[in-house]
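Enquirer: I'd like to ask you about the structure that follows.
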Amino acid sequence: MSAALRAELFKQRSTRTSLGLFGAMIGLVLFVVLLHGLGLAAGNFDSSSKQLTVLFGWGEVLGALFAALLGAMSITGEIRHGTIRPTFLVTPRRRRVVAAKIWASMLIGAGFGLVAGAVAAGLGTAALRARGIDIRLDSADYVLLVMGGATATALWAAIGVGVGAVVRNQMPALVGICAWLLFFENLLVGDIAGVGGLGRLLPGAAAKAISGQDPDTLLAPAVGLVLLAVYSAAAAVAGALATSRRDVP
Amino acid sequence: MTEGADATVGREALEKSVSMPGLPGDNVVSVRGLTKRYGDVFAVDDLTFALDKGSITGFLGPNGAGKTTTLRLLLGLAEPTDGEALVFGRRYRELDQPARRVGAVLESNDFDPGRSGGDHLRALALAAEIPSGRVDEVLELVELVSDAERRVKTYSLGMRQRLGLAAALLGDPELLVLDEPANGLDPAGVHWLRSFLRSLAEAGRTVLVSSHVLAEVAQAVDQVMIIDRGRLVAAARLDELTSGDRTLEDVYLGLTARGPS
């Protein structure tokens, strides 16, 4: 492990930010899964595809969102507080710093995804069972849901770092990520996907595909994985270039 | 009337007096034709100087004169439009273990308020591959041991200045670059800082310290460079500059006078 990566992991655990993001994510997963699992009519759960989309997929969706926020904040937070200056004084090869932030965020992001996916799977299953609704997922679906979801959240953490490095300003970066994942993509995938099916090529839709959600509309998991990896790599390169070419704020 | 004309000393001659002879690249700091332009504004305009080992140099000038920009260029945080700024003969970004050669404090508050002072130093030590024992040493040096595990948001300005200094000293560097280190310090803090800088220079370190407050600097430095509107207007040993009954303040005001604004 490189010195820069050790430093980044230490930074992540020496403030309460990561823990706060983790807590907010868990809280939202609990809330959404319980609300939908207990509140929606049984007709919404009559196929595995519907169960994944309406209920179990929330672990991946919220995991990806919070992993991306964590990744973005790992760099916008440093810019906001000015610690980016001592960071670059100690490691003046800035791409190393960006790379370390990406690896650290991906590691923690994968953890976010694992926990969010497992909580959504466990709680969702319990909620449906309690109502006497048949679970339509088999064990392979569960594995894909949690492991695929964790992979997707790790890749979204890298996208977050890239976005943070390019945008730099914390508030627009975070609002942009939230708006993209929670609003624009739903709009594009949900309403316009019929037009050419381009919505499923977007990074949020690719992340859903990796965890096996909505296989009728979205890409196959493996294709989604490749596509999202390309998005992550592109964001990482953009972040590294933006950081090494522009003056430090 | 100011005595601007009298106080203005030939720029070439002054550059020489700071720029000691030696092999090129032998100087701890060498800056040549350094220029930074933002749009039409020259923040730093064709600056040339060099610093020798073991000197304390005051870098003076009014607010906005280009001091901070010069230091940022020197430390690789900004790219010059033209010219070069070298430390130990190389661009800062090409130094192998920069923290072990150069320590710098650019802003008095470059900390995450939610991280403890000790952890701020530990993160930097990890990145610089400096043993964690050194963190305790520098905490002791700046007298922050008992506050090390408190979050920085609870620190006073003086404590933050000292924490920044501790971070700069982590790698036991040969060159120390400090931007306005006395800002916000009380008289006791300024006194502490002065004697601290003195002790560093006596130990053979080179110190470049910027300030817009002359009194802070006059008693601590060997030589001064005065910059105004991005250009070097004077550079000399303090005793040369203030010969006769001219004080540093007379010289400074003469060189940087803009009239009442």
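Chain labels follow the order of the structure tokens: the first chain is A, the next B, and so on; residue numbering restarts at 1 in every chain, and ligands are counted from 1 in their shown order.
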With only C-alpha atoms as the counted atoms, please give the residues lying no more than 10 Å from range 179-186 of chain A, apart from itself and same-chain residues fewer than 3 positions off, as a list of chain:residue names.
Expert: A:Val61, A:Leu62, A:Ala64, A:Leu65, A:Ala68, A:Ala173, A:Leu174, A:Val175, A:Gly176, A:Val189, A:Gly190, A:Asp191, A:Ile192, A:Ala193, A:Gly199, A:Arg200, A:Leu202, A:Pro203, A:Gly204, A:Ala205
Enquirer: Can you work out which residues from chain B touch chain A at a cut-off of 6 Å (counting only C-alpha atoms) and hand them back as an MDAnalysis selection string?
Expert: chainID B and resid 77:78 93 99 110:112 114:115 123 126:128
Enquirer: Please save C-alpha atoms of the selected residues as a PDB file, in the first residue's frame.
Expert:
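Just written: part.pdb:
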```pdb
ATOM      1  CA  LEU B  77       0.974  24.990  -6.080  1.00  0.00           C
ATOM      2  CA  ALA B  78       0.689  27.298  -9.081  1.00  0.00           C
ATOM      3  CA  ARG B  93       7.026  19.213  -7.856  1.00  0.00           C
ATOM      4  CA  ALA B  99       8.664  17.316   3.206  1.00  0.00           C
ATOM      5  CA  ASP B 110      -5.526  24.906   6.440  1.00  0.00           C
ATOM      6  CA  PHE B 111      -7.079  22.320   8.728  1.00  0.00           C
ATOM      7  CA  ASP B 112     -10.187  20.200   8.792  1.00  0.00           C
ATOM      8  CA  GLY B 114     -13.333  18.130  12.658  1.00  0.00           C
ATOM      9  CA  ARG B 115      -9.909  16.485  12.807  1.00  0.00           C
ATOM     10  CA  ALA B 123      -2.002  12.071   8.142  1.00  0.00           C
ATOM     11  CA  LEU B 126       1.896   8.947   6.752  1.00  0.00           C
ATOM     12  CA  ALA B 127       1.939  10.585   3.327  1.00  0.00           C
ATOM     13  CA  ALA B 128       5.532  11.752   3.797  1.00  0.00           C
TER      14      ALA B 128
END
```
Enquirer: Taking 2 positions as the minimum chain separation for residues in the same chain, which residues sit within 6 Å of range 32-49 of chain A when counting only C-alpha atoms? Answer as a list of chain:residue names.
Expert: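 That gives A:Leu28, A:Val29, A:Leu30, A:Gln51, A:Leu52, A:Leu55, A:Gly124, A:Ala127, A:Arg136, A:Leu137, A:Asp214.
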Enquirer: So which residues of range 56-245 of chain B fall under strand (DSSP E) by DSSP, listed as an mmCIF file with N, CA and C atoms, in the first residue's frame?
Expert:
```
data_model
loop_
_atom_site.group_PDB
_atom_site.id
_atom_site.type_symbol
_atom_site.label_atom_id
_atom_site.label_comp_id
_atom_site.auth_asym_id
_atom_site.auth_seq_id
_atom_site.Cartn_x
_atom_site.Cartn_y
_atom_site.Cartn_z
ATOM 1 N N ILE B 56 17.885 34.177 7.174
ATOM 2 C CA ILE B 56 16.466 34.460 7.369
ATOM 3 C C ILE B 56 16.132 35.668 6.519
ATOM 4 N N THR B 57 15.232 35.482 5.587
ATOM 5 C CA THR B 57 14.893 36.562 4.681
ATOM 6 C C THR B 57 13.446 36.982 4.906
ATOM 7 N N GLY B 58 13.263 38.277 5.101
ATOM 8 C CA GLY B 58 11.913 38.815 5.211
ATOM 9 C C GLY B 58 11.435 39.194 3.820
ATOM 10 N N PHE B 59 10.233 38.783 3.490
ATOM 11 C CA PHE B 59 9.668 39.052 2.173
ATOM 12 C C PHE B 59 8.517 40.019 2.413
ATOM 13 N N LEU B 60 8.784 41.280 2.117
ATOM 14 C CA LEU B 60 7.860 42.323 2.530
ATOM 15 C C LEU B 60 7.130 42.939 1.356
ATOM 16 N N ASP B 82 5.684 32.548 -16.758
ATOM 17 C CA ASP B 82 6.998 32.615 -17.380
ATOM 18 C C ASP B 82 8.052 32.532 -16.277
ATOM 19 N N GLY B 83 9.264 32.177 -16.646
ATOM 20 C CA GLY B 83 10.342 32.098 -15.677
ATOM 21 C C GLY B 83 10.285 30.821 -14.860
ATOM 22 N N GLU B 84 11.172 30.754 -13.852
ATOM 23 C CA GLU B 84 11.194 29.537 -13.043
ATOM 24 C C GLU B 84 11.503 29.853 -11.590
ATOM 25 N N ALA B 85 11.055 28.963 -10.732
ATOM 26 C CA ALA B 85 11.331 29.068 -9.303
ATOM 27 C C ALA B 85 11.844 27.702 -8.860
ATOM 28 N N LEU B 86 13.078 27.656 -8.395
ATOM 29 C CA LEU B 86 13.676 26.378 -8.026
ATOM 30 C C LEU B 86 14.008 26.340 -6.541
ATOM 31 N N VAL B 87 13.819 25.161 -5.954
ATOM 32 C CA VAL B 87 14.313 24.920 -4.598
ATOM 33 C C VAL B 87 15.320 23.792 -4.680
ATOM 34 N N VAL B 102 11.736 20.828 2.441
ATOM 35 C CA VAL B 102 11.055 22.121 2.521
ATOM 36 C C VAL B 102 9.833 21.985 3.430
ATOM 37 N N GLY B 103 9.712 22.904 4.362
ATOM 38 C CA GLY B 103 8.498 22.973 5.164
ATOM 39 C C GLY B 103 7.831 24.299 4.883
ATOM 40 N N ALA B 104 6.515 24.299 4.767
ATOM 41 C CA ALA B 104 5.853 25.555 4.410
ATOM 42 C C ALA B 104 4.520 25.704 5.124
ATOM 43 N N VAL B 105 4.208 26.939 5.445
ATOM 44 C CA VAL B 105 2.870 27.270 5.949
ATOM 45 C C VAL B 105 2.355 28.417 5.101
ATOM 46 N N LEU B 175 14.743 24.057 4.515
ATOM 47 C CA LEU B 175 14.176 25.356 4.133
ATOM 48 C C LEU B 175 12.768 25.476 4.692
ATOM 49 N N LEU B 176 12.504 26.626 5.295
ATOM 50 C CA LEU B 176 11.182 26.882 5.834
ATOM 51 C C LEU B 176 10.589 28.101 5.135
ATOM 52 N N VAL B 177 9.387 27.950 4.611
ATOM 53 C CA VAL B 177 8.724 29.042 3.911
ATOM 54 C C VAL B 177 7.435 29.364 4.666
ATOM 55 N N LEU B 178 7.337 30.580 5.156
ATOM 56 C CA LEU B 178 6.189 30.930 5.996
ATOM 57 C C LEU B 178 5.514 32.180 5.457
ATOM 58 N N ASP B 179 4.231 32.069 5.185
ATOM 59 C CA ASP B 179 3.478 33.213 4.669
ATOM 60 C C ASP B 179 2.699 33.853 5.814
ATOM 61 N N THR B 206 17.386 27.571 6.475
ATOM 62 C CA THR B 206 17.106 28.765 5.698
ATOM 63 C C THR B 206 15.624 29.079 5.885
ATOM 64 N N VAL B 207 15.322 30.346 6.125
ATOM 65 C CA VAL B 207 13.931 30.712 6.365
ATOM 66 C C VAL B 207 13.540 31.864 5.440
ATOM 67 N N LEU B 208 12.410 31.698 4.784
ATOM 68 C CA LEU B 208 11.836 32.784 3.987
ATOM 69 C C LEU B 208 10.476 33.092 4.598
ATOM 70 N N VAL B 209 10.347 34.313 5.106
ATOM 71 C CA VAL B 209 9.125 34.631 5.838
ATOM 72 C C VAL B 209 8.507 35.912 5.283
ATOM 73 N N SER B 210 7.258 35.822 4.870
ATOM 74 C CA SER B 210 6.613 37.004 4.306
ATOM 75 C C SER B 210 5.817 37.718 5.383
ATOM 76 N N SER B 211 5.672 39.011 5.185
ATOM 77 C CA SER B 211 4.873 39.768 6.132
ATOM 78 C C SER B 211 4.518 41.120 5.541
ATOM 79 N N GLN B 223 18.015 39.703 6.103
ATOM 80 C CA GLN B 223 17.907 40.462 4.855
ATOM 81 C C GLN B 223 16.449 40.574 4.477
ATOM 82 N N VAL B 224 16.155 41.564 3.681
ATOM 83 C CA VAL B 224 14.771 41.743 3.264
ATOM 84 C C VAL B 224 14.684 41.871 1.752
ATOM 85 N N MET B 225 13.554 41.417 1.248
ATOM 86 C CA MET B 225 13.190 41.699 -0.135
ATOM 87 C C MET B 225 11.870 42.440 -0.042
ATOM 88 N N ILE B 226 11.753 43.518 -0.772
ATOM 89 C CA ILE B 226 10.502 44.266 -0.775
ATOM 90 C C ILE B 226 9.896 44.164 -2.159
ATOM 91 N N ILE B 227 8.644 43.785 -2.193
ATOM 92 C CA ILE B 227 7.953 43.575 -3.470
ATOM 93 C C ILE B 227 6.762 44.504 -3.503
ATOM 94 N N ASP B 228 6.508 45.061 -4.670
ATOM 95 C CA ASP B 228 5.352 45.934 -4.815
ATOM 96 C C ASP B 228 4.768 45.748 -6.201
ATOM 97 N N ARG B 231 6.565 43.399 -8.496
ATOM 98 C CA ARG B 231 7.975 43.598 -8.862
ATOM 99 C C ARG B 231 8.830 43.768 -7.615
ATOM 100 N N LEU B 232 10.047 43.272 -7.722
ATOM 101 C CA LEU B 232 10.987 43.424 -6.627
ATOM 102 C C LEU B 232 11.501 44.855 -6.651
ATOM 103 N N VAL B 233 11.295 45.595 -5.546
ATOM 104 C CA VAL B 233 11.750 46.980 -5.552
ATOM 105 C C VAL B 233 12.981 47.170 -4.677
ATOM 106 N N ALA B 234 13.288 46.208 -3.832
ATOM 107 C CA ALA B 234 14.516 46.308 -3.044
ATOM 108 C C ALA B 234 14.856 44.946 -2.502
ATOM 109 N N ALA B 235 16.152 44.696 -2.404
ATOM 110 C CA ALA B 235 16.607 43.453 -1.800
ATOM 111 C C ALA B 235 17.995 43.711 -1.254
ATOM 112 N N ALA B 236 18.135 43.585 0.041
ATOM 113 C CA ALA B 236 19.435 43.903 0.628
ATOM 114 C C ALA B 236 19.509 43.365 2.044
ATOM 115 N N ARG B 237 20.725 43.348 2.569
ATOM 116 C CA ARG B 237 20.858 43.018 3.980
ATOM 117 C C ARG B 237 20.187 44.131 4.771
#
```
Enquirer: Find the distance between CA of His120 in chain B and CA of Gly189 in chain B and write it in Å to one decimal.
Expert: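 So the two atoms, CA of His120 in chain B and CA of Gly189 in chain B, lie 21.7 Å apart.
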Enquirer: What does the distance from CA of Trp103 in chain A to CA of Met73 in chain A come to in Å, to one decimal?
Expert: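 The value is 14.0 Å.
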Enquirer: Using only C-alpha atoms, which protein or nucleic acid residues come within 10 Å of Arg134 in chain B? Drop anything in the same chain fewer than 4 positions from it, and give the result as a PDB file with C-alpha atoms, in the first residue's frame.
Expert:
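Okay, result_15.pdb is ready:
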```pdb
ATOM      1  CA  LEU B 121       0.014  15.793  11.620  1.00  0.00           C
ATOM      2  CA  ARG B 122      -0.304  11.999  11.549  1.00  0.00           C
ATOM      3  CA  ALA B 125       3.443  12.032   8.368  1.00  0.00           C
ATOM      4  CA  ILE B 130       7.834  10.103   8.414  1.00  0.00           C
ATOM      5  CA  VAL B 138       7.002  18.553  16.672  1.00  0.00           C
ATOM      6  CA  LEU B 139       3.978  18.803  18.958  1.00  0.00           C
ATOM      7  CA  GLU B 140       6.386  19.333  21.799  1.00  0.00           C
ATOM      8  CA  LEU B 169       8.658  20.989  10.674  1.00  0.00           C
ATOM      9  CA  LEU B 170       7.592  17.324  10.409  1.00  0.00           C
ATOM     10  CA  GLY B 171      10.287  16.411   7.919  1.00  0.00           C
ATOM     11  CA  ASP B 172      12.976  18.412   9.725  1.00  0.00           C
TER      12      ASP B 172
END
```
Enquirer: For Asp45 in chain B, work out the shell of residues within 8 Å, counting only C-alpha atoms and skipping chain neighbours fewer than 6 positions away, then give it as a list in words.
Expert: Gly33, Leu34, Thr35, Lys36, Arg37, Arg229, Gly230 and Arg231 of chain B
Enquirer: Please measure the separation of CA of Asn183 in chain B and CA of Ser146 in chain B, giving the value in Å to one decimal.
Expert: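 If I compute the distance from CA of Asn183 in chain B to CA of Ser146 in chain B, I get 23.2 Å.
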Enquirer: Write out as JSON, numbers by chain the residues lying within 12 Å of Trp192 in chain B, counting only C-alpha atoms and excluding same-chain residues fewer than 2 positions away.
Expert: {"B": [141, 142, 143, 158, 161, 162, 181, 182, 185, 186, 187, 188, 189, 190, 194, 195, 196, 197, 198, 199, 216, 220]}
Enquirer: I'd like the neighbourhood of range 235-240 of chain A as JSON, numbers by chain, where a residue qualifies if any of its atoms comes within 7 Å (using only C-alpha atoms), though same-chain residues fewer than 5 positions away should be ignored.
Expert: {"A": [95, 98, 158, 159, 162, 163, 165, 166]}
